[in-house]
$ cat input06.pdb   # PDB, C-alpha atoms and all ligand atoms
ATOM      1  CA  MET A   1     -30.984  22.840 -44.089  1.00  0.00           C
ATOM      2  CA  ASP A   2     -28.740  21.463 -41.427  1.00  0.00           C
ATOM      3  CA  ILE A   3     -26.630  18.431 -40.564  1.00  0.00           C
ATOM      4  CA  ALA A   4     -29.536  16.245 -39.457  1.00  0.00           C
ATOM      5  CA  GLY A   5     -31.542  16.630 -42.663  1.00  0.00           C
ATOM      6  CA  LEU A   6     -28.657  16.769 -45.113  1.00  0.00           C
ATOM      7  CA  SER A   7     -27.040  13.611 -43.719  1.00  0.00           C
ATOM      8  CA  LYS A   8     -30.283  11.639 -44.014  1.00  0.00           C
ATOM      9  CA  LEU A   9     -32.003  13.047 -47.101  1.00  0.00           C
ATOM     10  CA  ALA A  10     -30.978  14.157 -50.575  1.00  0.00           C
ATOM     11  CA  LYS A  11     -30.868  17.941 -50.782  1.00  0.00           C
ATOM     12  CA  GLN A  12     -33.487  17.996 -53.534  1.00  0.00           C
ATOM     13  CA  THR A  13     -35.848  15.970 -51.335  1.00  0.00           C
ATOM     14  CA  ILE A  14     -35.573  18.619 -48.616  1.00  0.00           C
ATOM     15  CA  LEU A  15     -36.146  21.386 -51.158  1.00  0.00           C
ATOM     16  CA  ASN A  16     -39.226  19.578 -52.514  1.00  0.00           C
ATOM     17  CA  LEU A  17     -40.615  19.060 -49.025  1.00  0.00           C
ATOM     18  CA  VAL A  18     -40.156  22.722 -48.094  1.00  0.00           C
ATOM     19  CA  MET A  19     -41.646  23.823 -51.398  1.00  0.00           C
ATOM     20  CA  ALA A  20     -44.685  21.565 -50.860  1.00  0.00           C
ATOM     21  CA  LEU A  21     -45.149  22.839 -47.307  1.00  0.00           C
ATOM     22  CA  GLY A  22     -44.780  26.418 -48.518  1.00  0.00           C
ATOM     23  CA  PHE A  23     -47.388  25.843 -51.214  1.00  0.00           C
ATOM     24  CA  LEU A  24     -49.806  24.301 -48.706  1.00  0.00           C
ATOM     25  CA  ALA A  25     -49.296  27.239 -46.354  1.00  0.00           C
ATOM     26  CA  HIS A  26     -49.339  30.134 -48.829  1.00  0.00           C
ATOM     27  CA  GLY A  27     -50.655  28.837 -52.144  1.00  0.00           C
ATOM     28  CA  TYR A  28     -47.621  29.844 -54.223  1.00  0.00           C
ATOM     29  CA  ALA A  29     -44.664  27.797 -55.441  1.00  0.00           C
ATOM     30  CA  THR A  30     -43.322  29.470 -58.572  1.00  0.00           C
ATOM     31  CA  GLY A  31     -41.371  32.608 -59.435  1.00  0.00           C
ATOM     32  CA  GLU A  32     -40.165  34.384 -56.329  1.00  0.00           C
ATOM     33  CA  PHE A  33     -41.853  31.689 -54.212  1.00  0.00           C
ATOM     34  CA  GLU A  34     -39.842  28.839 -55.703  1.00  0.00           C
ATOM     35  CA  VAL A  35     -37.686  27.230 -53.033  1.00  0.00           C
ATOM     36  CA  THR A  36     -34.148  26.963 -54.362  1.00  0.00           C
ATOM     37  CA  ASP A  37     -30.948  25.713 -52.780  1.00  0.00           C
ATOM     38  CA  GLU A  38     -29.598  29.257 -52.660  1.00  0.00           C
ATOM     39  CA  ARG A  39     -32.762  30.781 -51.206  1.00  0.00           C
ATOM     40  CA  LEU A  40     -33.288  28.117 -48.570  1.00  0.00           C
ATOM     41  CA  GLY A  41     -29.611  28.091 -47.644  1.00  0.00           C
ATOM     42  CA  VAL A  42     -28.237  26.272 -44.648  1.00  0.00           C
ATOM     43  CA  TYR A  43     -28.546  26.711 -40.913  1.00  0.00           C
ATOM     44  CA  LEU A  44     -26.215  29.351 -39.535  1.00  0.00           C
ATOM     45  CA  CYS A  45     -26.003  29.930 -35.788  1.00  0.00           C
ATOM     46  CA  THR A  46     -25.282  33.591 -36.473  1.00  0.00           C
ATOM     47  CA  GLU A  47     -28.509  34.014 -38.435  1.00  0.00           C
ATOM     48  CA  HIS A  48     -30.488  33.247 -35.267  1.00  0.00           C
ATOM     49  CA  ILE A  49     -27.912  34.481 -32.731  1.00  0.00           C
ATOM     50  CA  ASP A  50     -27.823  30.917 -31.411  1.00  0.00           C
ATOM     51  CA  ASN A  51     -25.111  29.850 -29.038  1.00  0.00           C
ATOM     52  CA  PRO A  52     -22.911  27.603 -31.205  1.00  0.00           C
ATOM     53  CA  LYS A  53     -21.624  25.533 -28.293  1.00  0.00           C
ATOM     54  CA  GLY A  54     -21.832  21.849 -29.179  1.00  0.00           C
ATOM     55  CA  TYR A  55     -22.712  22.478 -32.813  1.00  0.00           C
ATOM     56  CA  ALA A  56     -21.472  19.642 -35.077  1.00  0.00           C
ATOM     57  CA  SER A  57     -19.862  17.961 -32.084  1.00  0.00           C
ATOM     58  CA  ASP A  58     -20.909  14.615 -33.580  1.00  0.00           C
ATOM     59  CA  GLN A  59     -19.014  15.354 -36.798  1.00  0.00           C
ATOM     60  CA  PRO A  60     -15.325  14.532 -37.404  1.00  0.00           C
ATOM     61  CA  GLY A  61     -13.306  17.459 -36.098  1.00  0.00           C
ATOM     62  CA  GLY A  62     -16.562  19.187 -35.174  1.00  0.00           C
ATOM     63  CA  ASP A  63     -16.655  20.417 -38.766  1.00  0.00           C
ATOM     64  CA  ALA A  64     -20.046  20.522 -40.504  1.00  0.00           C
ATOM     65  CA  ARG A  65     -18.600  21.783 -43.788  1.00  0.00           C
ATOM     66  CA  ARG A  66     -18.160  18.176 -44.976  1.00  0.00           C
ATOM     67  CA  ILE A  67     -21.952  18.022 -45.139  1.00  0.00           C
ATOM     68  CA  ASP A  68     -22.318  21.375 -46.918  1.00  0.00           C
ATOM     69  CA  PRO A  69     -19.500  23.888 -47.402  1.00  0.00           C
ATOM     70  CA  ARG A  70     -21.887  26.698 -46.433  1.00  0.00           C
ATOM     71  CA  LEU A  71     -22.267  25.320 -42.893  1.00  0.00           C
ATOM     72  CA  ARG A  72     -19.990  26.721 -40.214  1.00  0.00           C
ATOM     73  CA  GLY A  73     -16.566  25.341 -39.243  1.00  0.00           C
ATOM     74  CA  PRO A  74     -15.508  23.991 -35.829  1.00  0.00           C
ATOM     75  CA  VAL A  75     -16.589  26.083 -32.835  1.00  0.00           C
ATOM     76  CA  LEU A  76     -13.775  28.007 -31.137  1.00  0.00           C
ATOM     77  CA  ASP A  77     -13.727  28.283 -27.335  1.00  0.00           C
ATOM     78  CA  VAL A  78     -13.128  32.025 -27.616  1.00  0.00           C
ATOM     79  CA  GLU A  79     -16.430  32.471 -29.453  1.00  0.00           C
ATOM     80  CA  LEU A  80     -18.242  31.350 -26.327  1.00  0.00           C
ATOM     81  CA  GLU A  81     -16.502  33.775 -23.996  1.00  0.00           C
ATOM     82  CA  VAL A  82     -18.114  36.989 -22.819  1.00  0.00           C
ATOM     83  CA  ASP A  83     -16.891  40.222 -24.389  1.00  0.00           C
ATOM     84  CA  PRO A  84     -16.055  42.381 -21.341  1.00  0.00           C
ATOM     85  CA  ARG A  85     -16.758  45.572 -23.313  1.00  0.00           C
ATOM     86  CA  THR A  86     -20.387  44.682 -24.005  1.00  0.00           C
ATOM     87  CA  GLY A  87     -21.269  41.887 -21.600  1.00  0.00           C
ATOM     88  CA  MET A  88     -22.392  39.809 -24.578  1.00  0.00           C
ATOM     89  CA  LYS A  89     -20.999  36.515 -25.835  1.00  0.00           C
ATOM     90  CA  ASN A  90     -18.316  36.975 -28.472  1.00  0.00           C
ATOM     91  CA  TYR A  91     -20.326  35.208 -31.192  1.00  0.00           C
ATOM     92  CA  ILE A  92     -22.980  37.927 -30.977  1.00  0.00           C
ATOM     93  CA  ALA A  93     -21.114  41.123 -31.788  1.00  0.00           C
ATOM     94  CA  ASN A  94     -17.386  40.960 -31.025  1.00  0.00           C
ATOM     95  CA  GLU A  95     -15.865  41.429 -34.455  1.00  0.00           C
ATOM     96  CA  ASN A  96     -12.262  41.604 -33.250  1.00  0.00           C
ATOM     97  CA  GLY A  97     -11.656  37.903 -33.824  1.00  0.00           C
ATOM     98  CA  ASN A  98     -11.635  35.406 -36.673  1.00  0.00           C
ATOM     99  CA  TRP A  99     -15.082  34.021 -35.907  1.00  0.00           C
ATOM    100  CA  ASP A 100     -18.439  34.824 -37.479  1.00  0.00           C
ATOM    101  CA  THR A 101     -20.750  37.170 -35.594  1.00  0.00           C
ATOM    102  CA  SER A 102     -24.417  37.974 -35.914  1.00  0.00           C
ATOM    103  CA  SER A 103     -23.671  41.697 -36.022  1.00  0.00           C
ATOM    104  CA  ARG A 104     -21.455  41.252 -39.081  1.00  0.00           C
ATOM    105  CA  LEU A 105     -24.066  39.063 -40.748  1.00  0.00           C
ATOM    106  CA  VAL A 106     -26.771  41.705 -40.244  1.00  0.00           C
ATOM    107  CA  ARG A 107     -24.524  44.440 -41.621  1.00  0.00           C
ATOM    108  CA  GLU A 108     -23.645  42.361 -44.687  1.00  0.00           C
ATOM    109  CA  ARG A 109     -27.300  41.588 -45.317  1.00  0.00           C
ATOM    110  CA  ILE A 110     -28.214  45.278 -45.031  1.00  0.00           C
ATOM    111  CA  VAL A 111     -25.583  46.118 -47.664  1.00  0.00           C
ATOM    112  CA  GLN A 112     -26.830  43.305 -49.937  1.00  0.00           C
ATOM    113  CA  CYS A 113     -30.428  44.451 -49.462  1.00  0.00           C
ATOM    114  CA  ILE A 114     -29.610  48.063 -50.333  1.00  0.00           C
ATOM    115  CA  ASP A 115     -27.575  46.936 -53.331  1.00  0.00           C
ATOM    116  CA  MET A 116     -30.452  44.796 -54.585  1.00  0.00           C
ATOM    117  CA  GLY A 117     -32.910  47.644 -54.018  1.00  0.00           C
ATOM    118  CA  ARG A 118     -30.745  49.986 -56.089  1.00  0.00           C
ATOM    119  CA  ARG A 119     -30.520  47.376 -58.821  1.00  0.00           C
ATOM    120  CA  ALA A 120     -34.309  47.176 -58.837  1.00  0.00           C
ATOM    121  CA  ARG A 121     -34.569  50.934 -59.166  1.00  0.00           C
ATOM    122  CA  ASN A 122     -32.052  50.901 -62.022  1.00  0.00           C
ATOM    123  CA  GLY A 123     -33.971  48.499 -64.203  1.00  0.00           C
ATOM    124  CA  GLY A 124     -33.576  45.264 -62.257  1.00  0.00           C
ATOM    125  CA  GLY A 125     -37.296  44.744 -62.264  1.00  0.00           C
ATOM    126  CA  GLU A 126     -39.509  42.785 -59.923  1.00  0.00           C
ATOM    127  CA  THR A 127     -37.020  39.965 -59.473  1.00  0.00           C
ATOM    128  CA  ALA A 128     -34.568  42.353 -57.829  1.00  0.00           C
ATOM    129  CA  VAL A 129     -37.339  43.914 -55.733  1.00  0.00           C
ATOM    130  CA  TYR A 130     -38.422  40.542 -54.382  1.00  0.00           C
ATOM    131  CA  GLU A 131     -34.826  39.561 -53.646  1.00  0.00           C
ATOM    132  CA  ALA A 132     -34.304  42.839 -51.778  1.00  0.00           C
ATOM    133  CA  TYR A 133     -37.422  42.104 -49.697  1.00  0.00           C
ATOM    134  CA  ARG A 134     -36.184  38.573 -48.998  1.00  0.00           C
ATOM    135  CA  LEU A 135     -32.850  39.927 -47.774  1.00  0.00           C
ATOM    136  CA  LEU A 136     -34.667  42.522 -45.664  1.00  0.00           C
ATOM    137  CA  GLY A 137     -36.777  39.795 -44.064  1.00  0.00           C
ATOM    138  CA  THR A 138     -33.715  37.672 -43.406  1.00  0.00           C
ATOM    139  CA  LEU A 139     -31.853  40.439 -41.611  1.00  0.00           C
ATOM    140  CA  LEU A 140     -34.930  41.538 -39.663  1.00  0.00           C
ATOM    141  CA  HIS A 141     -35.309  37.958 -38.495  1.00  0.00           C
ATOM    142  CA  THR A 142     -31.837  38.077 -36.950  1.00  0.00           C
ATOM    143  CA  LEU A 143     -32.640  41.366 -35.225  1.00  0.00           C
ATOM    144  CA  GLU A 144     -35.863  39.836 -33.923  1.00  0.00           C
ATOM    145  CA  ASP A 145     -33.922  36.867 -32.581  1.00  0.00           C
ATOM    146  CA  PHE A 146     -31.779  39.206 -30.495  1.00  0.00           C
ATOM    147  CA  THR A 147     -34.677  39.580 -28.082  1.00  0.00           C
ATOM    148  CA  ALA A 148     -36.367  36.255 -28.884  1.00  0.00           C
ATOM    149  CA  HIS A 149     -33.315  34.045 -28.316  1.00  0.00           C
ATOM    150  CA  SER A 150     -31.542  35.964 -25.569  1.00  0.00           C
ATOM    151  CA  ASN A 151     -32.075  37.049 -21.992  1.00  0.00           C
ATOM    152  CA  TRP A 152     -32.241  40.701 -23.113  1.00  0.00           C
ATOM    153  CA  CYS A 153     -35.818  41.081 -21.836  1.00  0.00           C
ATOM    154  CA  GLU A 154     -34.903  39.634 -18.448  1.00  0.00           C
ATOM    155  CA  LEU A 155     -31.873  41.921 -18.185  1.00  0.00           C
ATOM    156  CA  SER A 156     -34.051  44.888 -19.122  1.00  0.00           C
ATOM    157  CA  LEU A 157     -36.568  44.029 -16.413  1.00  0.00           C
ATOM    158  CA  MET A 158     -33.758  43.788 -13.868  1.00  0.00           C
ATOM    159  CA  ARG A 159     -32.438  47.147 -15.082  1.00  0.00           C
ATOM    160  CA  LEU A 160     -35.916  48.595 -14.492  1.00  0.00           C
ATOM    161  CA  GLY A 161     -35.731  47.433 -10.898  1.00  0.00           C
ATOM    162  CA  TYR A 162     -37.610  44.151 -10.945  1.00  0.00           C
ATOM    163  CA  SER A 163     -35.964  41.678  -8.607  1.00  0.00           C
ATOM    164  CA  HIS A 164     -37.855  38.410  -9.108  1.00  0.00           C
ATOM    165  CA  VAL A 165     -36.428  37.814 -12.566  1.00  0.00           C
ATOM    166  CA  PHE A 166     -34.452  34.751 -13.674  1.00  0.00           C
ATOM    167  CA  PRO A 167     -31.735  35.937 -16.100  1.00  0.00           C
ATOM    168  CA  HIS A 168     -30.952  32.389 -17.318  1.00  0.00           C
ATOM    169  CA  VAL A 169     -27.446  32.411 -15.882  1.00  0.00           C
ATOM    170  CA  GLY A 170     -26.209  31.312 -12.491  1.00  0.00           C
ATOM    171  CA  ASP A 171     -26.454  33.670  -9.522  1.00  0.00           C
ATOM    172  CA  GLY A 172     -22.680  34.078  -9.473  1.00  0.00           C
ATOM    173  CA  VAL A 173     -22.335  34.846 -13.188  1.00  0.00           C
ATOM    174  CA  ARG A 174     -21.816  38.577 -13.435  1.00  0.00           C
ATOM    175  CA  VAL A 175     -19.934  40.976 -15.713  1.00  0.00           C
ATOM    176  CA  GLN A 176     -18.949  44.567 -15.102  1.00  0.00           C
ATOM    177  CA  SER A 177     -21.081  47.061 -16.996  1.00  0.00           C
ATOM    178  CA  PRO A 178     -20.991  50.864 -16.903  1.00  0.00           C
ATOM    179  CA  ALA A 179     -24.019  50.609 -14.591  1.00  0.00           C
ATOM    180  CA  GLY A 180     -22.338  48.074 -12.310  1.00  0.00           C
ATOM    181  CA  PRO A 181     -22.259  44.272 -12.106  1.00  0.00           C
ATOM    182  CA  CYS A 182     -24.974  42.507 -14.081  1.00  0.00           C
ATOM    183  CA  PRO A 183     -25.569  39.093 -15.693  1.00  0.00           C
ATOM    184  CA  PRO A 184     -24.066  38.660 -19.179  1.00  0.00           C
ATOM    185  CA  LEU A 185     -26.278  38.697 -22.229  1.00  0.00           C
ATOM    186  CA  VAL A 186     -26.468  35.115 -23.477  1.00  0.00           C
ATOM    187  CA  THR A 187     -28.541  33.270 -26.066  1.00  0.00           C
ATOM    188  CA  GLY A 188     -29.879  29.761 -26.489  1.00  0.00           C
ATOM    189  CA  ALA A 189     -27.804  26.969 -27.923  1.00  0.00           C
ATOM    190  CA  CYS A 190     -28.035  24.916 -31.042  1.00  0.00           C
ATOM    191  CA  ALA A 191     -27.100  21.259 -30.897  1.00  0.00           C
ATOM    192  CA  LEU A 192     -28.260  18.023 -32.447  1.00  0.00           C
ATOM    193  CA  ALA A 193     -27.337  15.926 -29.437  1.00  0.00           C
ATOM    194  CA  PRO A 194     -28.304  17.828 -26.297  1.00  0.00           C
ATOM    195  CA  PRO A 195     -25.255  18.331 -24.096  1.00  0.00           C
ATOM    196  CA  PRO A 196     -25.748  18.340 -20.318  1.00  0.00           C
ATOM    197  CA  PRO A 197     -27.704  21.421 -19.311  1.00  0.00           C
ATOM    198  CA  SER A 198     -26.072  24.117 -17.250  1.00  0.00           C
ATOM    199  CA  SER A 199     -27.440  27.257 -15.716  1.00  0.00           C
ATOM    200  CA  ALA A 200     -25.232  29.458 -17.871  1.00  0.00           C
ATOM    201  CA  HIS A 201     -27.377  29.470 -20.981  1.00  0.00           C
ATOM    202  CA  LEU A 202     -31.019  29.475 -21.805  1.00  0.00           C
ATOM    203  CA  ARG A 203     -33.212  27.281 -23.911  1.00  0.00           C
ATOM    204  CA  ALA A 204     -34.350  28.327 -27.358  1.00  0.00           C
ATOM    205  CA  SER A 205     -37.014  26.358 -29.165  1.00  0.00           C
ATOM    206  CA  SER A 206     -37.346  25.754 -32.879  1.00  0.00           C
ATOM    207  CA  LEU A 207     -39.766  24.044 -35.186  1.00  0.00           C
ATOM    208  CA  VAL A 208     -37.085  22.773 -37.513  1.00  0.00           C
ATOM    209  CA  GLN A 209     -34.156  21.843 -35.340  1.00  0.00           C
ATOM    210  CA  PRO A 210     -33.915  20.310 -31.888  1.00  0.00           C
ATOM    211  CA  ARG A 211     -32.333  22.819 -29.560  1.00  0.00           C
ATOM    212  CA  ALA A 212     -30.902  22.402 -26.144  1.00  0.00           C
ATOM    213  CA  THR A 213     -29.209  24.375 -23.438  1.00  0.00           C
ATOM    214  CA  SER A 214     -25.464  24.098 -23.176  1.00  0.00           C
TER     215      SER A 214
HETATM  216 ZN    ZN B   1     -34.223  32.540 -35.804  1.00  0.00          ZN
END

$ encode --input "input06.pdb" --output "structure tokens"
Amino acid sequence: MDIAGLSKLAKQTILNLVMALGFLAHGYATGEFEVTDERLGVYLCTEHIDNPKGYASDQPGGDARRIDPRLRGPVLDVELEVDPRTGMKNYIANENGNWDTSSRLVRERIVQCIDMGRRARNGGGETAVYEAYRLLGTLLHTLEDFTAHSNWCELSLMRLGYSHVFPHVGDGVRVQSPAGPCPPLVTGACALAPPPPSSAHLRASSLVQPRATS
């Protein structure tokens, strides 16, 4: 759930819609398949390694937490800068600041998954097993998005020597890596109102949320 849906529909309506769609797709809607507020959660840029630039820019103070306290706070400029140590945007894996990162989210989910798995083994039953699987799927999704939402594949091709590759950043955008100058690793943006496109980021598509370059 994100700003667009939550500001137009009651939360329970969204949950019912998702549950109905899930039932139509998979044939289950009860027990571990029941769609709850906690299980569905809210949209987090870090969960998909999305570039947060422009997120909630139409909200007062750029703060989406008025809509749901689980949504992220205002975007900091420093989050969007490139970490010179890794060549990746700070929101991806630079944990030396006071912003959320996808790397931290994955680590936390791994710990939660292991904890739930141990609970299952110690008498937690099937409920704990299914929750552990759900957490595993959630964290694997973020890992999958690292290649799906970024220019990692393009950078890898360039590293392998291919020259006719568009790395989704401008020709002059380069960072210093141990192997020499190379384009930074960037990911697609998330925004309700598409900001003007630039060559510095790439487009990521989504079935549930309009996305745009920023
Ligand atoms: Zn995703």

$ axis_aligned_box --input "input06.pdb" --around "segment 2-7 of chain A" --padding-each-side "6 Å" --output "lines of an AutoDock Vina configuration file"
center_x = -29.1
center_y = 17.5
center_z = -42.3
size_x = 16.9
size_y = 19.9
size_z = 17.7

$ residues_near_ligand --input "input06.pdb" --ligand "ligand ZN 1 (chain B)" --cutoff "10 Å" --atoms "only C-alpha atoms and all ligand atoms" --output "CSV table (one decimal) with C-alpha atoms, in the frame of the given file"
chain,number,residue,atom,x,y,z
A,43,TYR,CA,-28.5,26.7,-40.9
A,44,LEU,CA,-26.2,29.4,-39.5
A,45,CYS,CA,-26.0,29.9,-35.8
A,46,THR,CA,-25.3,33.6,-36.5
A,47,GLU,CA,-28.5,34.0,-38.4
A,48,HIS,CA,-30.5,33.2,-35.3
A,49,ILE,CA,-27.9,34.5,-32.7
A,50,ASP,CA,-27.8,30.9,-31.4
A,138,THR,CA,-33.7,37.7,-43.4
A,140,LEU,CA,-34.9,41.5,-39.7
A,141,HIS,CA,-35.3,38.0,-38.5
A,142,THR,CA,-31.8,38.1,-37.0
A,143,LEU,CA,-32.6,41.4,-35.2
A,144,GLU,CA,-35.9,39.8,-33.9
A,145,ASP,CA,-33.9,36.9,-32.6
A,146,PHE,CA,-31.8,39.2,-30.5
A,148,ALA,CA,-36.4,36.3,-28.9
A,149,HIS,CA,-33.3,34.0,-28.3
A,204,ALA,CA,-34.4,28.3,-27.4
A,205,SER,CA,-37.0,26.4,-29.2
A,206,SER,CA,-37.3,25.8,-32.9

$ atom_distance --input "input06.pdb" --atom1 "atom CA of Leu157 of chain A" --atom2 "atom CA of Leu80 of chain A"
24.4 Å

$ residues_around --input "input06.pdb" --residues "Leu40 of chain A" --least-positions-apart "2" --cutoff "12 Å" --atoms "only C-alpha atoms" --output "PyMOL selection string"
chain A and resi 1-2+11-12+14-19+22+33-38+42-44+70+134-135+138

$ resolve_selection --input "input06.pdb" --expression "the PyMOL selection byres (((chain A and resi 102) around 7) and not hetatm)" --output "number ranges by chain"
A: 46-47, 49, 91-93, 100-101, 103-106

$ resolve_selection --input "input06.pdb" --expression "the PyMOL selection byres (((chain A and resi 184) around 12) and not hetatm)" --output "MDAnalysis selection string"
chainID A and resid 80:90 92 150:152 154:156 167:177 180:183 185:187 200:202

$ resolve_selection --input "input06.pdb" --expression "the PyMOL selection byres (((chain A and resi 116) around 10) and not hetatm)" --output "count of residues only"
21

$ atom_distance --input "input06.pdb" --atom1 "atom CA of Tyr55 of chain A" --atom2 "atom CA of Lys8 of chain A"
17.3 Å

$ decode --input "input06.pdb" --residues "segment 2-81 of chain A" --atoms "C-alpha atoms" --output "short mmCIF file (atom, residue, chain, number, x, y, z; two decimals), in the first residue's frame"
data_model
loop_
_atom_site.label_atom_id
_atom_site.label_comp_id
_atom_site.auth_asym_id
_atom_site.auth_seq_id
_atom_site.Cartn_x
_atom_site.Cartn_y
_atom_site.Cartn_z
CA ASP A 2 1.26 3.42 -0.88
CA ILE A 3 0.25 7.07 -0.86
CA ALA A 4 -1.91 6.90 -3.98
CA GLY A 5 -4.11 4.05 -2.76
CA LEU A 6 -4.22 4.97 0.92
CA SER A 7 -5.22 8.58 0.21
CA LYS A 8 -8.10 7.49 -2.03
CA LEU A 9 -9.36 4.25 -0.50
CA ALA A 10 -10.01 2.90 2.98
CA LYS A 11 -7.24 0.53 4.02
CA GLN A 12 -9.68 -2.35 4.45
CA THR A 13 -10.92 -1.83 0.88
CA ILE A 14 -7.36 -2.24 -0.41
CA LEU A 15 -6.87 -5.34 1.73
CA ASN A 16 -10.14 -6.83 0.42
CA LEU A 17 -9.18 -6.09 -3.17
CA VAL A 18 -5.75 -7.70 -2.79
CA MET A 19 -7.27 -10.68 -1.01
CA ALA A 20 -9.84 -11.12 -3.81
CA LEU A 21 -7.15 -10.85 -6.49
CA GLY A 22 -4.98 -13.31 -4.58
CA PHE A 23 -7.86 -15.76 -4.32
CA LEU A 24 -8.59 -15.46 -8.05
CA ALA A 25 -4.92 -16.04 -8.85
CA HIS A 26 -4.10 -18.84 -6.40
CA GLY A 27 -7.36 -20.21 -5.03
CA TYR A 28 -6.56 -19.59 -1.35
CA ALA A 29 -7.62 -16.78 0.97
CA THR A 30 -7.53 -18.13 4.52
CA GLY A 31 -4.90 -19.10 7.07
CA GLU A 32 -1.43 -18.19 5.88
CA PHE A 33 -2.96 -16.82 2.66
CA GLU A 34 -5.13 -14.26 4.42
CA VAL A 35 -4.08 -10.76 3.43
CA THR A 36 -3.64 -8.71 6.59
CA ASP A 37 -2.50 -5.15 7.14
CA GLU A 38 0.74 -6.40 8.67
CA ARG A 39 1.46 -8.93 5.92
CA LEU A 40 0.67 -6.60 3.04
CA GLY A 41 2.56 -3.73 4.65
CA VAL A 42 3.33 -0.50 2.88
CA TYR A 43 5.55 0.47 -0.01
CA LEU A 44 9.17 0.94 0.99
CA CYS A 45 11.70 2.18 -1.55
CA THR A 46 14.35 0.12 0.20
CA GLU A 47 12.38 -3.10 -0.26
CA HIS A 48 12.75 -2.73 -4.04
CA ILE A 49 16.03 -0.77 -4.06
CA ASP A 50 14.10 2.03 -5.76
CA ASN A 51 15.61 5.46 -6.06
CA PRO A 52 13.60 7.51 -3.54
CA LYS A 53 14.10 10.81 -5.36
CA GLY A 54 10.78 12.62 -5.62
CA TYR A 55 8.96 10.22 -3.32
CA ALA A 56 6.09 11.95 -1.46
CA SER A 57 7.05 15.25 -3.05
CA ASP A 58 3.33 16.05 -3.31
CA GLN A 59 2.88 15.62 0.45
CA PRO A 60 3.35 18.40 3.04
CA GLY A 61 7.02 18.45 3.96
CA GLY A 62 7.57 15.52 1.60
CA ASP A 63 6.53 13.29 4.49
CA ALA A 64 4.38 10.26 3.68
CA ARG A 65 4.11 9.17 7.32
CA ARG A 66 0.93 11.26 7.71
CA ILE A 67 -0.73 8.72 5.42
CA ASP A 68 0.70 5.69 7.24
CA PRO A 69 3.40 5.84 9.91
CA ARG A 70 5.12 2.85 8.30
CA LEU A 71 5.84 4.83 5.11
CA ARG A 72 9.21 6.54 4.84
CA GLY A 73 10.01 10.10 5.97
CA PRO A 74 11.23 12.98 3.78
CA VAL A 75 14.00 12.11 1.32
CA LEU A 76 17.44 13.48 2.23
CA ASP A 77 19.71 14.82 -0.52
CA VAL A 78 22.60 12.78 0.87
CA GLU A 79 20.68 9.55 0.27
CA LEU A 80 20.82 10.23 -3.45
CA GLU A 81 24.57 10.81 -3.58
#
